[in-house]
$ cat work08.cif   # mmCIF, C-alpha atoms and all ligand atoms
data_start
loop_
_atom_site.label_atom_id
_atom_site.label_comp_id
_atom_site.auth_asym_id
_atom_site.auth_seq_id
_atom_site.Cartn_x
_atom_site.Cartn_y
_atom_site.Cartn_z
CA MET Z 1 0.00 0.00 0.00
CA LYS Z 2 1.25 3.48 -0.82
CA LYS Z 3 2.54 5.37 2.21
CA PRO Z 4 0.48 8.45 3.11
CA ALA Z 5 2.15 11.64 1.87
CA ARG Z 6 4.00 13.65 4.48
CA THR Z 7 2.85 17.11 3.68
CA ASN Z 8 3.84 19.46 6.45
CA ILE Z 9 7.16 21.25 6.56
CA TYR Z 10 8.60 21.41 10.08
CA LEU Z 11 11.46 23.71 10.96
CA THR Z 12 13.78 22.73 13.75
CA GLY Z 13 17.05 24.13 15.03
CA PHE Z 14 18.49 25.79 18.08
CA MET Z 15 16.98 28.94 19.53
CA ALA Z 16 17.57 32.06 17.41
CA ALA Z 17 18.17 29.98 14.25
CA GLY Z 18 15.38 31.96 12.59
CA LYS Z 19 12.71 29.25 12.54
CA SER Z 20 9.80 31.67 13.00
CA THR Z 21 11.02 34.26 10.51
CA VAL Z 22 11.96 31.66 7.90
CA GLY Z 23 8.69 29.82 8.55
CA HIS Z 24 6.66 32.98 7.89
CA HIS Z 25 8.53 33.67 4.64
CA LEU Z 26 8.33 30.08 3.45
CA ALA Z 27 4.61 29.81 4.19
CA ARG Z 28 3.98 33.05 2.34
CA GLU Z 29 5.89 31.79 -0.70
CA LEU Z 30 3.91 28.55 -0.75
CA ARG Z 31 0.65 30.22 0.22
CA TRP Z 32 0.34 27.75 3.07
CA SER Z 33 -0.57 28.54 6.67
CA PHE Z 34 2.17 29.02 9.20
CA ILE Z 35 2.06 27.72 12.76
CA ASP Z 36 4.54 28.73 15.42
CA ILE Z 37 4.33 26.19 18.24
CA ASP Z 38 5.75 28.59 20.86
CA GLU Z 39 3.22 31.21 19.86
CA GLN Z 40 0.36 28.70 20.18
CA ILE Z 41 1.51 27.80 23.69
CA GLU Z 42 1.80 31.46 24.67
CA ARG Z 43 -1.72 32.04 23.42
CA LYS Z 44 -3.11 29.06 25.35
CA PHE Z 45 -1.58 30.17 28.65
CA GLY Z 46 -1.89 33.90 27.99
CA LEU Z 47 1.76 34.22 29.05
CA HIS Z 48 5.11 34.72 27.34
CA ILE Z 49 7.33 31.63 27.19
CA SER Z 50 9.72 33.07 29.78
CA ARG Z 51 6.80 33.59 32.20
CA ILE Z 52 5.51 30.06 31.57
CA PHE Z 53 8.96 28.73 32.53
CA GLU Z 54 9.13 30.98 35.60
CA GLU Z 55 5.59 30.57 36.89
CA LEU Z 56 4.55 27.10 35.73
CA GLY Z 57 7.89 25.38 35.16
CA GLU Z 58 9.61 23.80 32.17
CA ARG Z 59 7.69 20.55 32.55
CA THR Z 60 4.32 22.26 32.03
CA PHE Z 61 5.79 23.98 28.99
CA ARG Z 62 7.11 20.69 27.55
CA GLU Z 63 3.76 18.96 28.05
CA ALA Z 64 1.96 21.77 26.26
CA GLU Z 65 4.59 21.62 23.51
CA SER Z 66 3.97 17.89 22.98
CA ARG Z 67 0.22 18.45 22.78
CA GLU Z 68 0.72 21.14 20.13
CA VAL Z 69 3.08 18.95 18.09
CA ALA Z 70 0.55 16.09 18.20
CA ARG Z 71 -2.22 18.45 17.09
CA CYS Z 72 -0.15 19.82 14.20
CA SER Z 73 0.77 16.33 13.02
CA LYS Z 74 -2.89 15.77 12.11
CA LEU Z 75 -2.86 18.75 9.74
CA SER Z 76 -1.36 19.06 6.30
CA SER Z 77 0.11 21.75 4.05
CA ARG Z 78 1.37 23.75 7.00
CA VAL Z 79 4.76 25.23 7.67
CA ILE Z 80 5.42 24.64 11.36
CA ALA Z 81 8.17 26.19 13.49
CA LEU Z 82 9.10 23.95 16.41
CA GLY Z 83 10.72 25.24 19.59
CA GLY Z 84 14.46 24.50 19.80
CA GLY Z 85 13.98 21.72 22.35
CA ALA Z 86 10.79 20.15 21.00
CA LEU Z 87 12.45 17.10 19.46
CA LEU Z 88 14.08 15.97 22.68
CA ASP Z 89 10.89 14.03 23.28
CA PRO Z 90 11.07 11.01 20.93
CA ALA Z 91 7.26 10.97 20.63
CA ASN Z 92 7.40 14.48 19.15
CA LEU Z 93 10.06 13.41 16.68
CA ARG Z 94 7.91 10.46 15.60
CA SER Z 95 4.84 12.68 15.11
CA VAL Z 96 6.87 15.10 13.03
CA ARG Z 97 8.58 12.47 10.90
CA SER Z 98 5.31 10.73 10.14
CA SER Z 99 3.47 13.85 9.04
CA GLY Z 100 5.97 15.95 7.18
CA ILE Z 101 9.55 16.67 6.31
CA LEU Z 102 11.88 18.02 8.91
CA VAL Z 103 14.22 20.86 8.03
CA HIS Z 104 17.11 21.73 10.31
CA LEU Z 105 18.22 25.36 10.35
CA LYS Z 106 21.79 24.99 11.57
CA ILE Z 107 23.39 27.72 13.63
CA SER Z 108 26.73 28.05 15.44
CA ALA Z 109 26.97 28.70 19.18
CA GLU Z 110 28.59 32.10 18.52
CA THR Z 111 25.72 33.23 16.28
CA VAL Z 112 23.18 32.06 18.86
CA LEU Z 113 24.95 34.14 21.51
CA ALA Z 114 25.09 37.24 19.31
CA ARG Z 115 21.40 36.98 18.37
CA ALA Z 116 20.21 36.07 21.86
CA ALA Z 117 22.04 39.12 23.27
CA LYS Z 118 19.77 41.31 21.13
CA GLN Z 119 16.65 39.59 22.47
CA ARG Z 120 17.33 39.76 26.18
CA GLY Z 121 14.70 38.21 28.42
CA LYS Z 122 13.13 36.16 25.63
CA ARG Z 123 15.35 33.12 26.19
CA PRO Z 124 14.56 31.47 29.53
CA LEU Z 125 17.31 28.87 29.15
CA LEU Z 126 19.99 31.60 28.98
CA LYS Z 127 18.43 34.08 31.35
CA GLY Z 128 20.75 35.90 33.73
CA LEU Z 129 23.91 34.20 32.46
CA PRO Z 130 27.02 36.28 31.74
CA LYS Z 131 28.46 35.97 28.22
CA GLU Z 132 31.01 33.19 28.84
CA GLU Z 133 28.56 31.07 30.82
CA ALA Z 134 25.85 31.61 28.23
CA LEU Z 135 28.23 30.43 25.49
CA ALA Z 136 29.13 27.32 27.50
CA ARG Z 137 25.43 26.63 28.12
CA ILE Z 138 24.63 27.02 24.41
CA ARG Z 139 27.45 24.60 23.50
CA ASP Z 140 26.22 22.04 26.03
CA LEU Z 141 22.64 22.29 24.83
CA LEU Z 142 23.68 22.10 21.18
CA LYS Z 143 25.66 18.95 21.92
CA ALA Z 144 22.79 17.35 23.79
CA ARG Z 145 20.42 18.13 20.92
CA GLN Z 146 22.66 17.16 18.05
CA LYS Z 147 21.09 13.74 17.72
CA SER Z 148 17.56 15.08 17.38
CA TYR Z 149 18.66 17.70 14.84
CA ARG Z 150 20.47 15.01 12.86
CA ALA Z 151 17.13 13.26 12.39
CA ALA Z 152 16.16 16.04 9.96
CA ASN Z 153 15.54 15.23 6.32
CA LEU Z 154 17.21 18.45 5.18
CA SER Z 155 19.69 20.70 6.80
CA ILE Z 156 20.96 24.15 5.90
CA ASN Z 157 23.66 26.36 7.43
CA THR Z 158 22.08 29.66 8.34
CA ASP Z 159 24.92 31.65 9.93
CA GLU Z 160 25.69 33.59 6.75
CA LEU Z 161 22.24 33.70 5.20
CA THR Z 162 19.28 36.03 5.50
CA PRO Z 163 15.78 34.52 5.89
CA PRO Z 164 14.85 35.16 2.20
CA GLN Z 165 18.12 33.48 1.12
CA ILE Z 166 17.34 30.49 3.33
CA VAL Z 167 13.85 30.21 1.84
CA ALA Z 168 15.22 30.45 -1.72
CA ALA Z 169 17.76 27.72 -0.93
CA LEU Z 170 15.08 25.48 0.58
CA LEU Z 171 12.82 25.88 -2.43
CA ARG Z 172 15.59 24.46 -4.59
CA ARG Z 173 15.81 21.26 -2.52
CA LYS Z 174 14.18 18.29 -4.25
CA LEU Z 175 12.71 16.76 -1.12
CA LEU Z 176 10.92 19.96 -0.25
CA VAL Z 177 9.58 20.35 -3.77
CA GLN Z 178 8.34 16.75 -3.62
CA CYS Z 179 6.62 17.38 -0.29
CA CYS Z 180 4.79 20.35 -1.80
CA ARG Z 181 3.77 18.31 -4.85
CA ASP Z 182 2.39 15.56 -2.60
CA SER Z 183 0.36 18.06 -0.67
CA ALA Z 184 -3.39 18.09 -1.06
CA ASN Z 185 -2.94 21.80 -1.55
CA LYS Z 186 -0.91 21.40 -4.77
CA ILE Z 187 -2.34 24.45 -6.37
CA ALA Z 188 -0.45 26.54 -3.86
CA PHE Z 189 2.94 25.42 -5.15
CA PRO Z 190 4.01 27.73 -7.94
CA TYR Z 191 7.65 26.62 -8.35
CA GLU Z 192 7.27 23.81 -10.84
CA THR Z 193 6.12 26.15 -13.61
CA HIS Z 194 8.77 28.75 -12.76
CA SER Z 195 11.67 26.33 -12.99
CA ARG Z 196 10.40 24.84 -16.30
CA ARG Z 197 10.14 28.26 -17.78
CA ALA Z 198 13.61 29.12 -16.59
CA ARG Z 199 15.07 26.15 -18.46
CA ARG Z 200 13.67 27.21 -21.84
CA PRO Z 201 16.16 28.98 -24.13
C1 LIG Z 301 13.57 26.36 23.83
C2 LIG Z 301 13.51 27.17 22.74
C3 LIG Z 301 12.47 28.20 22.59
C4 LIG Z 301 11.23 27.87 23.41
C5 LIG Z 301 11.62 27.59 24.81
C6 LIG Z 301 12.57 26.41 24.93
C7 LIG Z 301 14.65 25.36 23.91
O1 LIG Z 301 12.07 28.27 21.23
O2 LIG Z 301 10.54 26.78 22.87
O3 LIG Z 301 12.21 28.74 25.34
O4 LIG Z 301 14.52 24.40 24.69
O5 LIG Z 301 15.64 25.52 23.18
P1 LIG Z 301 13.01 28.91 20.08
O6 LIG Z 301 13.89 27.82 19.60
O7 LIG Z 301 12.03 29.35 19.05
O8 LIG Z 301 13.74 30.04 20.71
#
$ encode --input "work08.cif" --output "structure tokens"
Amino acid sequence: MKKPARTNIYLTGFMAAGKSTVGHHLARELRWSFIDIDEQIERKFGLHISRIFEELGERTFREAESREVARCSKLSSRVIALGGGALLDPANLRSVRSSGILVHLKISAETVLARAAKQRGKRPLLKGLPKEEALARIRDLLKARQKSYRAANLSINTDELTPPQIVAALLRRKLLVQCCRDSANKIAFPYETHSRRARRP
């Protein structure tokens, strides 16, 4: 029997890798809906992520995150930005892998630190840490998460790229194009015609 098509595009990667910004751009290009899991959780609790961590604890956050991932895995033709730690739970990884393709936006520890410094207070896992300690923490977390990020179907280095450049690069990747073609929402994928036209003399 033919396997069901996996027609969501999930974005994973460490915090500050640009998952939300890239997700918005990519969804707009495909004319698909975009879902930001962190944003959904914030809406449900009526609190920012950092307050959820402070007031309700990381465990409550992780449980809510798993519920959101499970809900999204029942949808199709969505671009979905996962939180940087969402795939630590193997059940989340299974839900994602069975319902879409997983794209890893790779980022170096130094770039995370530079970006996180500009968004003070938004990153509960780095909160209150001086620069050197924050860098060490980022490196530890990146190491611990490497395995889950390696489970991605596609991976792209983002340190030197802007979000539109990342989206353009992703739209040239065969697997992503195939995912869009398999989608029930085929009409929303305009790239096939563009690339054919481009090849004509
Ligand atoms: C987390 C990353 C955050 C958010 C929460 C936990 C993590 O999302 O889900 O603060 O464990 O790395 P971003 O990756 O979008 O910053």
$ residues_near_ligand --input "work08.cif" --ligand "ligand LIG 301 (chain Z)" --cutoff "6 Å" --atoms "all atoms listed in the file" --output "PyMOL selection string"
chain Z and resi 14-16+38+49+83-85+123-124
$ closest_residue --input "work08.cif" --among "Z:Leu102, Z:Gly57, Z:Arg115, Z:Pro163" --to "His24 in chain Z" --atoms "only C-alpha atoms"
Z:Pro163
$ residues_around --input "work08.cif" --residues "Ile156 in chain Z" --least-positions-apart "4" --cutoff "7 Å" --atoms "only C-alpha atoms" --output "PyMOL selection string"
chain Z and resi 104-106
$ residues_near_point --input "work08.cif" --point "(18.2, 35.7, 32.4)" --cutoff "12 Å" --atoms "only C-alpha atoms" --output "PyMOL selection string"
chain Z and resi 50-51+53-54+116-117+119-131+133-134
$ atom_distance --input "work08.cif" --atom1 "CA of Glu63 in chain Z" --atom2 "CA of Glu42 in chain Z"
13.1 Å
$ closest_residue --input "work08.cif" --among "Z:Ser155, Z:Ser66, Z:Thr12, Z:Ser95" --to "Ile80 in chain Z" --atoms "all atoms listed in the file"
Z:Thr12
$ residues_near_point --input "work08.cif" --point "(3.6, 21.2, 16.2)" --cutoff "12 Å" --atoms "all atoms listed in the file" --output "JSON, numbers by chain"
{"Z": [8, 9, 10, 11, 12, 34, 35, 36, 37, 38, 39, 40, 41, 62, 64, 65, 66, 67, 68, 69, 70, 71, 72, 73, 74, 75, 76, 78, 79, 80, 81, 82, 83, 84, 86, 87, 91, 92, 93, 94, 95, 96, 97, 99, 100, 102]}
$ closest_residue --input "work08.cif" --among "Z:Ile101, Z:Val22, Z:Leu141, Z:Leu56" --to "Thr7 in chain Z" --atoms "all atoms listed in the file"
Z:Ile101
$ atom_distance --input "work08.cif" --atom1 "CA of Arg43 in chain Z" --atom2 "CA of Glu55 in chain Z"
15.4 Å
$ atom_distance --input "work08.cif" --atom1 "CA of Arg139 in chain Z" --atom2 "CA of Leu170 in chain Z"
26.1 Å
